[in-house]
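Q: As input, take work-v9.cif (mmCIF, C-alpha atoms):
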data_structure
loop_
_atom_site.label_atom_id
_atom_site.label_comp_id
_atom_site.auth_asym_id
_atom_site.auth_seq_id
_atom_site.Cartn_x
_atom_site.Cartn_y
_atom_site.Cartn_z
CA MET I 1 -19.41 -18.42 -4.22
CA ALA I 2 -16.04 -17.28 -5.56
CA GLU I 3 -13.27 -19.59 -6.63
CA PRO I 4 -11.03 -20.76 -3.79
CA MET I 5 -7.87 -18.89 -2.87
CA ARG I 6 -4.53 -20.59 -3.23
CA ILE I 7 -2.59 -20.24 -0.01
CA ARG I 8 0.96 -21.43 0.58
CA ALA I 9 2.65 -20.96 3.94
CA GLN I 10 6.24 -22.07 4.28
CA ALA I 11 7.97 -22.10 7.65
CA SER I 12 11.63 -21.25 8.00
CA GLY I 13 13.62 -20.11 11.00
CA GLY I 14 10.59 -19.63 13.25
CA LYS I 15 8.69 -17.53 10.70
CA ALA I 16 6.37 -18.41 7.84
CA THR I 17 6.18 -16.76 4.44
CA VAL I 18 2.56 -16.73 3.32
CA ARG I 19 1.70 -16.37 -0.36
CA ILE I 20 -1.89 -15.98 -1.42
CA LEU I 21 -3.48 -15.88 -4.85
CA MET I 22 -7.10 -14.79 -4.73
CA ALA I 23 -9.61 -15.20 -7.56
CA HIS I 24 -11.41 -11.93 -8.15
CA GLU I 25 -12.11 -9.67 -11.12
CA MET I 26 -11.10 -6.53 -9.20
CA GLU I 27 -12.98 -4.23 -11.57
CA SER I 28 -11.77 -0.70 -10.99
CA GLY I 29 -14.96 0.92 -12.23
CA GLN I 30 -12.96 2.63 -14.96
CA ARG I 31 -13.05 -0.02 -17.68
CA LYS I 32 -15.44 0.21 -20.64
CA ASP I 33 -16.73 -2.89 -22.43
CA GLU I 34 -17.07 -3.18 -26.23
CA ALA I 35 -20.39 -1.32 -26.18
CA GLY I 36 -18.80 1.56 -24.29
CA ARG I 37 -20.53 0.79 -20.99
CA ILE I 38 -18.54 1.19 -17.81
CA ALA I 39 -18.01 -2.11 -16.02
CA PRO I 40 -19.10 -1.30 -12.46
CA ALA I 41 -16.53 -1.29 -9.68
CA TRP I 42 -16.27 -4.69 -8.07
CA PHE I 43 -13.25 -5.32 -5.89
CA ILE I 44 -12.06 -6.83 -2.63
CA GLN I 45 -12.17 -4.18 0.08
CA GLU I 46 -11.20 -6.04 3.23
CA VAL I 47 -8.73 -8.83 3.82
CA THR I 48 -8.19 -10.45 7.21
CA VAL I 49 -5.80 -13.20 8.17
CA THR I 50 -5.75 -15.27 11.33
CA HIS I 51 -2.93 -17.43 12.60
CA ASN I 52 -4.07 -20.33 14.77
CA GLY I 53 -7.37 -18.50 15.19
CA ARG I 54 -5.82 -15.22 16.36
CA PRO I 55 -5.97 -12.06 14.22
CA ALA I 56 -2.68 -11.54 12.43
CA LEU I 57 -3.31 -9.08 9.64
CA SER I 58 -6.01 -6.85 8.29
CA ALA I 59 -5.86 -4.79 5.14
CA GLU I 60 -8.11 -2.45 3.21
CA TRP I 61 -7.86 -2.40 -0.57
CA GLY I 62 -9.05 -0.05 -3.25
CA PRO I 63 -9.82 -0.70 -6.92
CA GLY I 64 -6.13 -0.30 -7.76
CA VAL I 65 -5.17 -3.81 -6.65
CA SER I 66 -4.68 -6.06 -9.69
CA LYS I 67 -7.13 -8.70 -10.87
CA ASN I 68 -6.62 -12.05 -9.13
CA PRO I 69 -4.82 -10.38 -6.26
CA TYR I 70 -1.49 -11.69 -5.09
CA LEU I 71 -0.45 -11.02 -1.52
CA GLN I 72 2.69 -12.03 0.33
CA PHE I 73 3.71 -11.41 3.94
CA VAL I 74 5.65 -13.04 6.76
CA LEU I 75 4.09 -14.40 9.95
CA LYS I 76 6.35 -14.09 12.95
CA ASP I 77 6.58 -16.95 15.42
CA ALA I 78 5.11 -19.64 13.17
CA ARG I 79 5.88 -23.32 12.81
CA PRO I 80 4.81 -26.26 10.64
CA GLY I 81 1.30 -27.43 11.45
CA ASP I 82 0.00 -23.95 12.29
CA THR I 83 -3.25 -22.87 10.65
CA VAL I 84 -3.50 -19.78 8.47
CA ALA I 85 -7.00 -18.61 7.55
CA VAL I 86 -7.64 -15.86 5.00
CA HIS I 87 -10.94 -14.05 4.59
CA TRP I 88 -11.90 -11.36 2.10
CA LYS I 89 -14.98 -9.24 1.57
CA ASP I 90 -15.70 -7.22 -1.56
CA ASN I 91 -17.70 -4.07 -2.19
CA ARG I 92 -20.80 -6.12 -3.09
CA GLY I 93 -20.65 -7.82 0.30
CA GLU I 94 -19.51 -11.13 -1.16
CA THR I 95 -17.01 -13.02 0.92
CA ARG I 96 -14.63 -15.92 0.70
CA SER I 97 -12.65 -17.77 3.40
CA ASP I 98 -9.95 -20.34 2.93
CA GLU I 99 -7.44 -22.08 5.19
CA ALA I 100 -4.04 -23.61 4.85
CA THR I 101 -1.56 -25.40 7.06
CA VAL I 102 1.94 -24.05 7.46
CA ALA I 103 4.37 -26.45 5.83
CA MET B 1 14.55 5.03 21.41
CA LYS B 2 16.60 6.02 18.43
CA THR B 3 15.05 8.90 16.52
CA HIS B 4 15.48 9.05 12.81
CA SER B 5 16.18 12.23 10.94
CA ALA B 6 16.33 12.35 7.16
CA PRO B 7 19.61 13.54 5.67
CA HIS B 8 19.47 17.19 4.66
CA PRO B 9 19.19 17.33 0.87
CA PRO B 10 21.38 19.67 -1.16
CA ALA B 11 19.82 23.01 -2.10
CA SER B 12 19.25 22.07 -5.72
CA SER B 13 16.86 19.22 -4.84
CA ARG B 14 14.94 20.97 -2.06
CA ARG B 15 12.29 22.14 -4.50
CA GLN B 16 11.95 18.58 -5.71
CA VAL B 17 11.49 17.13 -2.23
CA LEU B 18 9.10 19.94 -1.33
CA GLY B 19 7.02 19.09 -4.38
CA GLN B 20 7.04 15.39 -3.55
CA ALA B 21 5.96 15.93 0.04
CA ALA B 22 3.17 18.25 -1.04
CA ALA B 23 1.97 15.86 -3.74
CA LEU B 24 1.97 12.97 -1.31
CA ALA B 25 0.18 15.04 1.31
CA GLY B 26 -2.50 15.76 -1.26
CA LEU B 27 -2.95 12.07 -1.95
CA LEU B 28 -3.13 11.23 1.75
CA VAL B 29 -5.65 13.97 2.45
CA GLY B 30 -7.79 12.61 -0.38
CA THR B 31 -8.00 9.23 1.31
CA GLY B 32 -9.82 10.81 4.26
CA LEU B 33 -7.64 8.79 6.62
CA PHE B 34 -5.66 11.70 8.01
CA PRO B 35 -7.91 14.42 9.39
CA ARG B 36 -4.93 16.03 11.06
CA LEU B 37 -3.23 16.38 7.70
CA ALA B 38 -6.45 17.77 6.22
CA ARG B 39 -6.54 20.58 8.75
CA ALA B 40 -2.89 21.34 8.25
CA TYR B 41 -2.88 21.07 4.46
CA SER B 42 -2.85 24.59 3.09
CA ASP B 43 -1.32 27.07 0.67
CA GLN B 44 1.36 27.52 3.30
CA ALA B 45 2.80 24.13 2.32
CA PHE B 46 3.12 25.24 -1.34
CA GLY B 47 4.50 28.64 -0.46
CA ALA B 48 7.16 27.30 1.86
CA LYS B 49 10.74 28.03 0.86
CA THR B 50 12.39 25.14 2.63
CA VAL B 51 11.62 21.44 3.03
CA GLN B 52 11.36 21.90 6.80
CA ASP B 53 8.73 24.65 6.41
CA ALA B 54 6.69 22.53 4.00
CA LEU B 55 6.77 19.56 6.35
CA GLY B 56 5.91 21.85 9.26
CA ALA B 57 2.87 23.15 7.39
CA LEU B 58 1.71 19.58 6.87
CA GLY B 59 1.32 18.85 10.56
CA GLY B 60 4.42 19.56 12.59
CA GLY B 61 6.97 17.89 10.34
CA ALA B 62 4.84 14.79 10.16
CA LEU B 63 5.62 13.81 6.57
CA ALA B 64 9.18 12.85 5.67
CA GLU B 65 11.05 10.77 3.19
CA SER B 66 12.87 7.98 4.97
CA ALA B 67 15.52 5.48 3.99
CA ASP B 68 13.95 3.13 6.57
CA VAL B 69 10.81 2.79 4.44
CA THR B 70 11.39 0.77 1.29
CA LEU B 71 9.40 0.45 -1.90
CA SER B 72 10.54 -2.13 -4.43
CA GLY B 73 9.12 -2.24 -7.92
CA PRO B 74 10.06 -1.96 -11.57
CA ASP B 75 11.35 1.19 -13.25
CA ILE B 76 9.41 0.23 -16.38
CA ALA B 77 6.18 -1.80 -16.38
CA GLU B 78 5.17 -3.38 -19.66
CA ASN B 79 1.65 -4.08 -18.41
CA GLY B 80 0.03 -1.44 -16.25
CA ALA B 81 -2.58 -3.95 -15.10
CA LEU B 82 -0.02 -6.00 -13.18
CA VAL B 83 2.81 -4.16 -11.47
CA ALA B 84 4.47 -5.92 -8.55
CA PHE B 85 5.48 -3.87 -5.52
CA GLY B 86 7.01 -4.61 -2.15
CA LEU B 87 6.57 -2.15 0.70
CA ALA B 88 8.29 -2.45 4.04
CA THR B 89 9.81 -0.63 6.93
CA THR B 90 12.59 -1.62 9.31
CA LEU B 91 11.41 0.85 11.95
CA PRO B 92 9.60 -0.44 15.03
CA GLY B 93 6.36 1.35 15.89
CA ALA B 94 4.81 1.34 12.42
CA ARG B 95 1.04 1.16 12.67
CA GLN B 96 0.07 1.14 8.99
CA LEU B 97 1.75 0.69 5.63
CA LEU B 98 0.15 2.32 2.62
CA LEU B 99 0.70 2.08 -1.12
CA LEU B 100 -0.31 5.09 -3.22
CA VAL B 101 -0.11 5.63 -6.97
CA GLU B 102 -0.14 9.33 -7.72
CA LYS B 103 -1.84 9.30 -11.11
CA ASN B 104 -4.44 6.59 -10.49
CA PRO B 105 -8.09 7.71 -10.36
CA VAL B 106 -8.05 6.40 -6.78
CA PRO B 107 -4.48 6.90 -5.59
CA LEU B 108 -4.72 4.82 -2.41
CA VAL B 109 -4.19 1.24 -3.56
CA ALA B 110 -3.77 -0.63 -0.28
CA LEU B 111 -3.60 -0.01 3.44
CA PHE B 112 -2.13 -2.65 5.73
CA HIS B 113 -2.72 -2.54 9.49
CA VAL B 114 0.53 -3.74 11.00
CA SER B 115 0.19 -6.08 13.97
CA PRO B 116 2.89 -7.67 16.11
CA ALA B 117 2.03 -11.01 14.45
CA VAL B 118 3.46 -10.05 11.04
CA GLU B 119 6.57 -8.39 9.73
CA PRO B 120 5.89 -4.87 8.41
CA ALA B 121 6.55 -5.97 4.84
CA PHE B 122 4.02 -6.77 2.13
CA SER B 123 4.12 -7.69 -1.55
CA LEU B 124 1.22 -7.22 -3.90
CA ARG B 125 0.39 -6.33 -7.49
CA ALA B 126 -1.20 -3.04 -8.41
CA LYS B 127 -2.75 -1.39 -11.44
CA LEU B 128 -1.14 1.72 -12.84
CA ALA B 129 -3.36 3.80 -15.11
CA GLN B 130 -0.30 5.54 -16.53
CA SER B 131 3.32 6.30 -15.73
CA SER B 132 3.33 7.69 -12.23
CA ALA B 133 5.09 8.30 -8.96
CA VAL B 134 4.37 5.54 -6.46
CA TYR B 135 4.65 5.93 -2.69
CA ALA B 136 5.02 3.54 0.24
CA VAL B 137 4.03 5.34 3.45
CA ALA B 138 4.58 4.06 6.97
CA VAL B 139 2.31 5.72 9.53
CA MET B 140 4.01 5.49 12.90
CA ASP B 141 2.55 5.21 16.40
CA ASP B 142 3.64 8.78 17.08
CA GLY B 143 1.73 10.06 14.06
CA ARG B 144 4.70 10.61 11.74
CA ALA B 145 4.21 9.56 8.12
CA LEU B 146 7.48 8.34 6.56
CA TYR B 147 7.66 7.53 2.89
CA ALA B 148 9.66 6.06 0.04
CA ARG B 149 9.01 7.02 -3.55
CA ARG B 150 9.59 5.50 -6.98
CA GLU B 151 8.89 6.63 -10.51
CA VAL B 152 7.34 3.85 -12.61
CA ARG B 153 7.00 4.20 -16.36
CA VAL B 154 4.15 2.24 -17.94
CA THR B 155 4.25 1.24 -21.57
CA LEU B 156 0.70 -0.19 -21.64
CA GLY B 157 -1.67 1.48 -19.18
CA SER B 158 -4.42 -0.14 -17.15
CA CYS B 159 -7.98 1.08 -16.52
CA GLY B 160 -9.40 0.38 -19.95
CA THR B 161 -6.99 2.27 -22.24
#
In structure tokens, what does this structure look like?
A:
Amino acid sequence: MAEPMRIRAQASGGKATVRILMAHEMESGQRKDEAGRIAPAWFIQEVTVTHNGRPALSAEWGPGVSKNPYLQFVLKDARPGDTVAVHWKDNRGETRSDEATVA
Amino acid sequence: MKTHSAPHPPASSRRQVLGQAAALAGLLVGTGLFPRLARAYSDQAFGAKTVQDALGALGGGALAESADVTLSGPDIAENGALVAFGLATTLPGARQLLLLVEKNPVPLVALFHVSPAVEPAFSLRAKLAQSSAVYAVAVMDDGRALYARREVRVTLGSCGT
């Protein structure tokens, strides 16, 4: 199971800025190790976010997203106490889900 | 509904914009996400003498630079493994926001499906294999693809170099 994501959601003026730091190697499939072997591609492909259980955002990523991906976006119509859940799935089929409460 | 039309560029930069639109169209076709663009993409786009003709060849004027699509990012990145970008549009009716890096082995970095629950604005960090043009593309409900473009110079590339 991957390391947990760090999720911060801060409400202001009826919206919430959500900042997420995911833990993932995000291997592009281009990098060679010391022995010259290609490190196989291993990266988050799908990200979905729900707000109070309702789908809010979905994204598809390629190997070009940086290691330990950072993602920031703004939820409309959000207030303190709301739940934000983030789920990712990588190209190996591994997944991770984490939740946070809007502050 | 207010329709947006890009300002007409001066003659000296038409070739530049034509080249940009064609390069971006090539990247988008490569993603396999735009079958309509794939059918329209042709030598006609490269042979066109005006920006309008090039855009017409790419699917009825579907691809256009727009001041209402924004791409924020550095001019110079010291570490190609971690380059921070912000992509956004102020236009209503955006269905997807894409980030593409022209010279990456896989140019499409991220595709966001815009829903009414979020603002059409995203920040993330991307890898740049080398200095490259970077595009933010907003795909609209009506099929138009509007883009903003930046040149980013990388002093230490990503992808194992």
Q: Kindly indicate which residue among B:Pro107, B:Gly73, B:Gly86, B:Gly30 lies nearest to Ser123 in chain B, using all atoms listed in the file for the distances.
A: B:Gly86
Q: Taking only C-alpha atoms into account and nothing else, which residues of chain B lie no more than 6 Å away from chain I? Please answer as an mmCIF file with C-alpha atoms, in the frame of the given file.
A:
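See iface02.cif below for the written result:
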data_model
loop_
_atom_site.group_PDB
_atom_site.id
_atom_site.type_symbol
_atom_site.label_atom_id
_atom_site.label_comp_id
_atom_site.auth_asym_id
_atom_site.auth_seq_id
_atom_site.Cartn_x
_atom_site.Cartn_y
_atom_site.Cartn_z
ATOM 1 C CA LEU B 82 -0.020 -6.000 -13.180
ATOM 2 C CA VAL B 109 -4.190 1.240 -3.560
ATOM 3 C CA ALA B 110 -3.770 -0.630 -0.280
ATOM 4 C CA LEU B 111 -3.600 -0.010 3.440
ATOM 5 C CA PHE B 112 -2.130 -2.650 5.730
ATOM 6 C CA HIS B 113 -2.720 -2.540 9.490
ATOM 7 C CA ALA B 117 2.030 -11.010 14.450
ATOM 8 C CA VAL B 118 3.460 -10.050 11.040
ATOM 9 C CA GLU B 119 6.570 -8.390 9.730
ATOM 10 C CA PHE B 122 4.020 -6.770 2.130
ATOM 11 C CA SER B 123 4.120 -7.690 -1.550
ATOM 12 C CA LEU B 124 1.220 -7.220 -3.900
ATOM 13 C CA ARG B 125 0.390 -6.330 -7.490
ATOM 14 C CA ALA B 126 -1.200 -3.040 -8.410
ATOM 15 C CA LYS B 127 -2.750 -1.390 -11.440
ATOM 16 C CA CYS B 159 -7.980 1.080 -16.520
ATOM 17 C CA GLY B 160 -9.400 0.380 -19.950
#
Q: I'd like the box whose edges run along x, y and z of the file and which contains every listed atom of range 130-145 of chain B, padded by 6 Å per side; could you state its centre and edge lengths in Å, one decimal, as AutoDock Vina command-line options?
A:
--center_x 2.4 --center_y 7.1 --center_z 0.3 --size_x 17.4 --size_y 19.1 --size_z 45.6
Q: Taking the file as I've supplied it (selection: the PyMOL selection byres ((chain B and resi 149-151) around 6)), which residues are included? Please answer as number ranges by chain.
A: B: 132-135, 148, 152
Q: Need the shell around Ala2 in chain I: protein/DNA/RNA residues with any atom at most 10 Å away, counting only C-alpha atoms. Skip same-chain ones fewer than 6 positions apart. Format as a list of chain:residue names?
A: I:Met22, I:Ala23, I:His24, I:Glu94, I:Thr95, I:Arg96, I:Ser97
Q: Can you write range 34-55 of chain I from the block above with N, CA and C atoms, as a tab-separated table (two decimals), in the first residue's frame?
A:
chain	number	residue	atom	x	y	z
I	34	GLU	N	22.00	2.59	-12.69
I	34	GLU	CA	23.47	2.60	-12.83
I	34	GLU	C	23.95	1.52	-13.79
I	35	ALA	N	23.21	0.40	-13.85
I	35	ALA	CA	23.64	-0.70	-14.72
I	35	ALA	C	23.19	-0.48	-16.17
I	36	GLY	N	22.49	0.62	-16.41
I	36	GLY	CA	22.05	0.90	-17.77
I	36	GLY	C	20.68	0.32	-18.10
I	37	ARG	N	20.02	-0.29	-17.11
I	37	ARG	CA	18.70	-0.85	-17.37
I	37	ARG	C	17.65	0.25	-17.24
I	38	ILE	N	16.66	0.16	-18.14
I	38	ILE	CA	15.56	1.13	-18.08
I	38	ILE	C	14.67	0.80	-16.88
I	39	ALA	N	14.42	1.80	-16.04
I	39	ALA	CA	13.43	1.61	-14.97
I	39	ALA	C	12.06	1.64	-15.63
I	40	PRO	N	11.25	0.58	-15.43
I	40	PRO	CA	9.98	0.51	-16.16
I	40	PRO	C	9.02	1.63	-15.76
I	41	ALA	N	8.18	2.02	-16.69
I	41	ALA	CA	7.20	3.07	-16.45
I	41	ALA	C	6.27	2.66	-15.32
I	42	TRP	N	6.10	3.56	-14.38
I	42	TRP	CA	5.24	3.29	-13.22
I	42	TRP	C	4.74	4.64	-12.75
I	43	PHE	N	3.49	4.94	-13.07
I	43	PHE	CA	3.00	6.29	-12.80
I	43	PHE	C	1.49	6.29	-12.60
I	44	ILE	N	1.02	7.28	-11.87
I	44	ILE	CA	-0.41	7.45	-11.64
I	44	ILE	C	-1.08	7.82	-12.95
I	45	GLN	N	-2.14	7.08	-13.30
I	45	GLN	CA	-2.84	7.35	-14.55
I	45	GLN	C	-4.18	8.04	-14.35
I	46	GLU	N	-4.84	7.72	-13.25
I	46	GLU	CA	-6.17	8.29	-13.03
I	46	GLU	C	-6.24	8.89	-11.64
I	47	VAL	N	-6.84	10.06	-11.57
I	47	VAL	CA	-7.06	10.73	-10.29
I	47	VAL	C	-8.53	11.12	-10.25
I	48	THR	N	-9.21	10.78	-9.16
I	48	THR	CA	-10.60	11.23	-9.03
I	48	THR	C	-10.78	11.85	-7.65
I	49	VAL	N	-11.60	12.87	-7.62
I	49	VAL	CA	-11.86	13.59	-6.38
I	49	VAL	C	-13.37	13.66	-6.18
I	50	THR	N	-13.81	13.38	-4.96
I	50	THR	CA	-15.22	13.61	-4.64
I	50	THR	C	-15.33	14.65	-3.55
I	51	HIS	N	-16.44	15.36	-3.58
I	51	HIS	CA	-16.73	16.40	-2.61
I	51	HIS	C	-18.04	16.02	-1.96
I	52	ASN	N	-18.00	15.72	-0.64
I	52	ASN	CA	-19.19	15.22	0.04
I	52	ASN	C	-19.80	14.04	-0.71
I	53	GLY	N	-18.94	13.17	-1.21
I	53	GLY	CA	-19.39	11.94	-1.85
I	53	GLY	C	-19.79	12.09	-3.30
I	54	ARG	N	-19.82	13.33	-3.81
I	54	ARG	CA	-20.22	13.51	-5.22
I	54	ARG	C	-18.98	13.77	-6.07
I	55	PRO	N	-18.93	13.20	-7.28
I	55	PRO	CA	-17.76	13.40	-8.15
I	55	PRO	C	-17.53	14.88	-8.41
